[in-house]
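Structure first, commentary second.
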Amino acid sequence: MGISMQKLLSKLTFWKVVAGIILAAGVYSTYVRCTRGLGGSTHLSDKFPWGLWISFDVLCGVGLAAGGFALCATVHLFNVKKFEPILRPTILTSFLGYLLVIVGLLFDLGRPFQIWHAIIMWNPHSVMFEVAWCVMLYTTVLSLEFAPVVLEKLKLTRTLNILKKLSIPIVIAGVLLSTLHQSSLGSLYLIVPYKLYALWYSPYLPLFFFVSALAVGCAVVIFESFLSSRAFKKSLEMDLMTQIGRIAVVVLGVYLTMRFMDAYNRHILSLLFVPRMETYLYWAEMIVGVVAPLILLSFPAVRRSRTGLFLGAVMIILGFVMDRLNITITGLEASAGTHYVPSWMEVSITLAIVTAGFIAFSLAAKYLPLYEHEPEAHKELQPKTMPETWIEDLTLVSEQY
Amino acid sequence: MTMISRKAMLIDITLCAGCNACQDACKEKNHLAGGKETSLSATAYTALEEHGDVFVRRMCQHCEEPTCVSVCPVGAFTKTAPGPVLYDESKCIGCRYCMQACPFQVPRYEWSSTKPCVQKCRLCADRLAQGRQPACAEACPTGATKFGNRDELIREAYARINAEPDKYVHKIYGQEEIGGTSILYITSVPFEKLGFKTQLDKTPLPSLTWDALEKIPGIVSVGSVFLAGIWWITSRREEVAKAEGRTSKKGRNNESH
C-alpha cells in the first residue's frame with residue numbers, strides 16, 4: 001500500500017497539480033452555470049451582455065488559431081515546402097483552438113441546446129449567422145486537414161489516399177473560410193458605432209481583425225514550437241522560426257500603417273492624448289503588441305536568438321489579446337455606463353478550457369505522428385507493420401509524466 | 001385590398017404625470033411580476049425614468065429598420081407590417097447579439113433562468129390585430145401616450161409644436177433616427193437633458209454590416225480562383241523542375257528528432 005502511494009506521489013508534478021485544481025474548479029463552475037444560469041455564474045448584465053467568454057474564448061480563441069490557415073496556404077498553395085515540418089502541430093493547434101471556441105460558446109449561449117438552429121434557420125443579413133456557419137465549416141475543414149495524422153496511426157491507408165486527393169480543395173476552402181471568419185468577428189462590431197469608443201470603432205474593423213490574425217498566427221506558431229520543443233524534447237527549426245519572425249515584422253508594419261491612416265482619416269488622433277482609461281489601454285495595446293515587437297524583431301540578431309524570438313512572439317500575442325479585450329470590453333464600458341469584471345467562475349471555465357487544450361495537445365504529441373513528415377503527395381502509402389516501439393513509447397511516456 | 005397602415009405611438013413628455021398607469025397596465029396584460037420599476041427589465045417592458053421632475057417613458061422603439069431583426073443569426077425577430085417588432089423564443093439560441101446591437105439598449109434578459117428568453121415590449125400585437133390599442137395607450141389618463149397611424153401622429157406632433165412653438169423643442173425624436181422608429185417623442189425639456197441618444201443619425205444600422213456582408217460572394221469567387229491559380233503556378237514550377245532534372249532548392253527538411 002505504502003509503495004504504490006509513493007509511486008503515485010512521485011508522478012505528481014507541479015503542473016499536474018495546477019491542472020488538476022483548474023479542472024476541478026471548472027467542473028464546479030460548470031455545475032453552477034448549468035443549474036443557476038448565466039446570472040448565477042457570471043457578471044453579465046442587461047447593460048453588459050457579452051463578457052469574458054465572448055472576448056477571450058471566442059474572439060481570442062479564433063484569432064489565436066489563425067496560424068493554421070496561413071501556414072497551410074504557404075505549404076500547399078504557395079508550395080514553400082520547407083515549412084512542412086511545423087504544419088501538423090500548427091493545424092492541431094488551430095483545430096483544438098476552434099474546438100475550444102465551440103465549447104466556450106456552449107457555456108455562453110443562453111440556450112446552447114438550440115445551437116444547431118443556425119443550420120436550418122437562416123438570416124444572411126446577420127454577421128453572427130456568417131460567423132456560426134464559418135465556425136462549423138472551418139472546424140470541419142480543420143478536422144479533414146488533421147485527419148491524415150490520425151489515419152496514419154490507425155493505418156487506414158485507403159481512406160488516407162482518398163483524403164490526399166482532396167487536399168488542395170480542402171486547403172483552399174480553409175483559407176477562404178478563415179479569411180471570412182477572422183474578418184467577420186470584426187464585422188460583428190460594425191453595428192455599434194454609437195457604443196464602441198472611437199479609438200477602436202472603424203468601418204475597417206474586419207480588415208484590422210484579419211491582418212492582426214495573420215500577425216498573431218506567426219506569433220502562435222513560434223510560441224507553440226518553442227513550448228513543444230521544450231516539453232517533448234524535439235529539435236527547434238530555428239531557421240524556419242527566424243523566417244516567420246521576419247514575416248511577422250512585415251505584417252505588423254502593414255497593420256500599424258493601416259491603424260494610423262484610419263485614425264488620421266477619422267480625425268481621432270487627438271483622442272490619443274485625452275487622459276482616460278481607454279487612452280492608456282490603447283497605448284498599451286499598440287506599444288506592447290505592435291510597435292515594440294516590430295522594432296525588436298526587425299533586428300536580425302534578435303530574430304536569430306531564441307529568447308528574442310520568443311519574447312517578440314509573446315508580445316504580439318499579448319497585444320492581440322489586449323486588442324480584442326479592448327474592443328469587446330474596455331471600448332464598450334463608457335457607453336454602457338457600467339464596469340465589467342468577470343466572475344471567478346467565468347475565469348475558471350476559461351482556464352479549464354485552455355488547460356484541456358494543452359492536455360489534448362500533449363496527448364496528441366505522444367500518441368500520434370505529429371512531428372513526422374507527411375509522405376510525398378503522389379506516393380501511395382504502404383501499410384505499415386505494427387511497430388514494436390509502441391510498448392516502449394508507452395513506458396517512456398508514463399515515466400515522463 | 002386595404003393597405004395595412006404603419007402604427008405608432010406619440011409620447012408627449014409635457015403631458016406625462018408620472019402616474020405609472022402605463023407600466024401597471026402593461027404588467028397586467030403580459031402577466032409580468034408586479035411592483036413598480038424605474039428601468040426596463042425582464043419584467044418591465046416599459047418604465048418611467050425620472051429626470052428631475054420630468055418623466056420619460058422608455059420602451060422598445062419598434063424601429064422601421066430594426067437592428068435586432070438584422071443581427072439575429074436565426075431570425076428570431078421580425079418587423080411586422082403594422083409596426084410591432086416581435087420576438088420568437090422558439091428560435092432563439094441566446095447569443096444576445098440583439099442586446100449588444102440595439103442602439104437604445106432595449107432588450108432585457110432572464111439571467112437567472114436555465115431557458116432564458118429575451119424580453120421586450122410587443123406593442124400588444126395581438127390587441128392590434130383585434131383593432132384595439134396597446135394596453136398602455138388605453139390606460140394613460142392624460143393622453144401623454146397616444147396610439148394611431150404613424151403618418152397621422154407625425155402630423156399631429158408638428159401641429160402641437162407649431163401651436164406652442166415656445167413650449168416645445170422643434171423636433172420629433174424617432175421620426176428619422178436610424179431610419180425612423182414607431183415610438184415618437186415630443187418634449188419641452190431638451191432631449192439631451194433627458195437621457196435621449198441624440199447623436200444617432202438617419203442611417204439605419206443594418207446597412208453598416210450589409211456593406212461588409214455583401215462583399216462575401218465576391219471574396220469567395222475571386223479568392224478561390226486566385227488561390228487555385230497560385231497553386232497551379234507554383235506546383236507547375238516544381239513539375240517542370242523535376243522534368244528538367246533540376247533538384248528543387250526547397251527540398252524536404254531532413255529532421256532528426
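Residues in the C-alpha cells are numbered from 1 in each chain, the chains being A, B, ... in the order shown, and ligands are numbered from 1 in the order shown.
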DSSP on the backbone: what in segment 2-150 of chain B comes out strand (DSSP E or B), as number ranges by chain?
-> B: 7-12, 41, 44, 47-51, 54-58, 63, 77-79, 85-87, 108-109, 118-119, 145-149
With a distance cut-off of 8 Å and only C-alpha atoms, select the neighbouring residues of Arg88 of chain A, excluding the residue or stretch itself and same-chain residues fewer than 6 positions from it, and output the selection as JSON, numbers by chain.
-> {"A": [146, 149, 370, 371]}
Kindly export the residues of the current selection with C-alpha atoms, as an mmCIF file, in the first residue's frame.
data_model
loop_
_atom_site.group_PDB
_atom_site.id
_atom_site.type_symbol
_atom_site.label_atom_id
_atom_site.label_comp_id
_atom_site.auth_asym_id
_atom_site.auth_seq_id
_atom_site.Cartn_x
_atom_site.Cartn_y
_atom_site.Cartn_z
ATOM 1 C CA PHE A 146 -5.730 16.916 -39.354
ATOM 2 C CA VAL A 149 -2.278 12.262 -38.803
ATOM 3 C CA LEU A 370 2.615 14.778 -35.157
ATOM 4 C CA TYR A 371 6.239 15.550 -35.805
#
Tell me, as a ChimeraX atom specification, which residues lie within 9 Å of Arg111 of chain A, counting only C-alpha atoms; anything in the same chain fewer than 5 positions away does not count.
-> /A:106 /B:92-95,114-117
List every residue of segment 59-245 of chain B that DSSP, applied to the backbone, labels as helix (DSSP H, G or I), and write the result as a ChimeraX atom specification.
-> /B:67-71,97-101,125-129,135-139,150-163,177-179,191-194,206-213,216-243
Return as a count of residues only the residues belonging to chain B that are within 7 Å of chain A, counting only C-alpha atoms.
-> 40
Find the spatial neighbours of Pro84 of chain B, counting only C-alpha atoms, within a cut-off of 8 Å - ignore same-chain residues fewer than 3 positions away - and output them as a list in words.
-> His62, Lys79, Thr80, Ala81, Arg122, Leu123 and Ala125 of chain B
Please provide the set of residues having any atom within 8 Å of Ala76 of chain B, restricted to only C-alpha atoms, with same-chain residues fewer than 5 positions apart removed, written as a ChimeraX atom specification.
-> /B:69,87-92
Please write the residues from the selection above to a file, keeping N, CA and C atoms, as an mmCIF file, in the first residue's frame.
data_model
loop_
_atom_site.group_PDB
_atom_site.id
_atom_site.type_symbol
_atom_site.label_atom_id
_atom_site.label_comp_id
_atom_site.auth_asym_id
_atom_site.auth_seq_id
_atom_site.Cartn_x
_atom_site.Cartn_y
_atom_site.Cartn_z
ATOM 1 N N VAL B 69 -33.622 42.786 -35.700
ATOM 2 C CA VAL B 69 -34.058 41.896 -36.788
ATOM 3 C C VAL B 69 -32.878 41.525 -37.670
ATOM 4 N N TYR B 87 -40.576 38.954 -31.175
ATOM 5 C CA TYR B 87 -39.507 38.008 -30.845
ATOM 6 C C TYR B 87 -40.092 36.610 -30.723
ATOM 7 N N ASP B 88 -39.423 35.650 -31.368
ATOM 8 C CA ASP B 88 -39.878 34.265 -31.328
ATOM 9 C C ASP B 88 -38.900 33.447 -30.498
ATOM 10 N N GLU B 89 -39.280 33.134 -29.258
ATOM 11 C CA GLU B 89 -38.329 32.465 -28.363
ATOM 12 C C GLU B 89 -38.002 31.052 -28.807
ATOM 13 N N SER B 90 -38.869 30.445 -29.622
ATOM 14 C CA SER B 90 -38.598 29.066 -30.021
ATOM 15 C C SER B 90 -37.375 28.987 -30.938
ATOM 16 N N LYS B 91 -37.030 30.107 -31.586
ATOM 17 C CA LYS B 91 -35.860 30.093 -32.468
ATOM 18 C C LYS B 91 -34.590 30.487 -31.721
ATOM 19 N N CYS B 92 -34.745 31.287 -30.680
ATOM 20 C CA CYS B 92 -33.609 31.947 -30.025
ATOM 21 C C CYS B 92 -32.574 30.973 -29.495
#
At what distance in Å, to one decimal, does atom CA of Val341 of chain A lie from atom CA of Ser55 of chain A?
->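 Computing the Euclidean distance for atom CA of Ser55 of chain A and atom CA of Val341 of chain A yields 12.0 Å.
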Closest of A:Ile21, A:Leu100, A:Leu256, A:Leu71 to Val354 of chain A - atom-to-atom distances counting only C-alpha atoms =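 Checking each candidate against Val354 of chain A, we get A:Leu100 as the closest.
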Can you pull out every residue within 8 Å of Gln119 of chain B, counting only C-alpha atoms, but drop anything in the same chain fewer than 6 positions away, and send it as a PDB file with C-alpha atoms, in the first residue's frame?
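What ended up in part.pdb:
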ATOM      1  CA  SER B  41     -36.127  44.756 -17.160  1.00  0.00           C
ATOM      2  CA  ALA B  42     -37.202  41.210 -17.975  1.00  0.00           C
ATOM      3  CA  THR B  43     -40.415  42.017 -16.072  1.00  0.00           C
ATOM      4  CA  TYR B  45     -41.494  46.208 -20.895  1.00  0.00           C
ATOM      5  CA  PRO B 107     -33.796  44.013 -24.978  1.00  0.00           C
ATOM      6  CA  ARG B 108     -33.592  42.582 -21.474  1.00  0.00           C
ATOM      7  CA  TYR B 109     -32.659  39.029 -20.432  1.00  0.00           C
ATOM      8  CA  GLU B 110     -33.848  36.391 -17.987  1.00  0.00           C
TER       9      GLU B 110
END
Find the residue from B:Gly148, B:Pro165, B:Pro82, B:Gly143 that sits nearest to Ala129 of chain B; use only C-alpha atoms when measuring.
-> B:Pro82
Selection near Thr330 of chain A, 10 Å with only C-alpha atoms, sequence-local residues under 3 positions removed, as a list in words |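 Near neighbours after the sequence-gap exclusion: Leu196, Tyr197, Trp200, Met277, Glu278, Leu281, Tyr282, Met322, Asp323, Arg324, Leu325, Asn326, Ile327, Glu333, Ala334, His339 and Tyr340 of chain A.
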Computed interatomic separation between atom CA of Val240 of chain B and atom CA of Lys165 of chain A (Å) |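 Distance reported for this atom pair: 20.8 Å.
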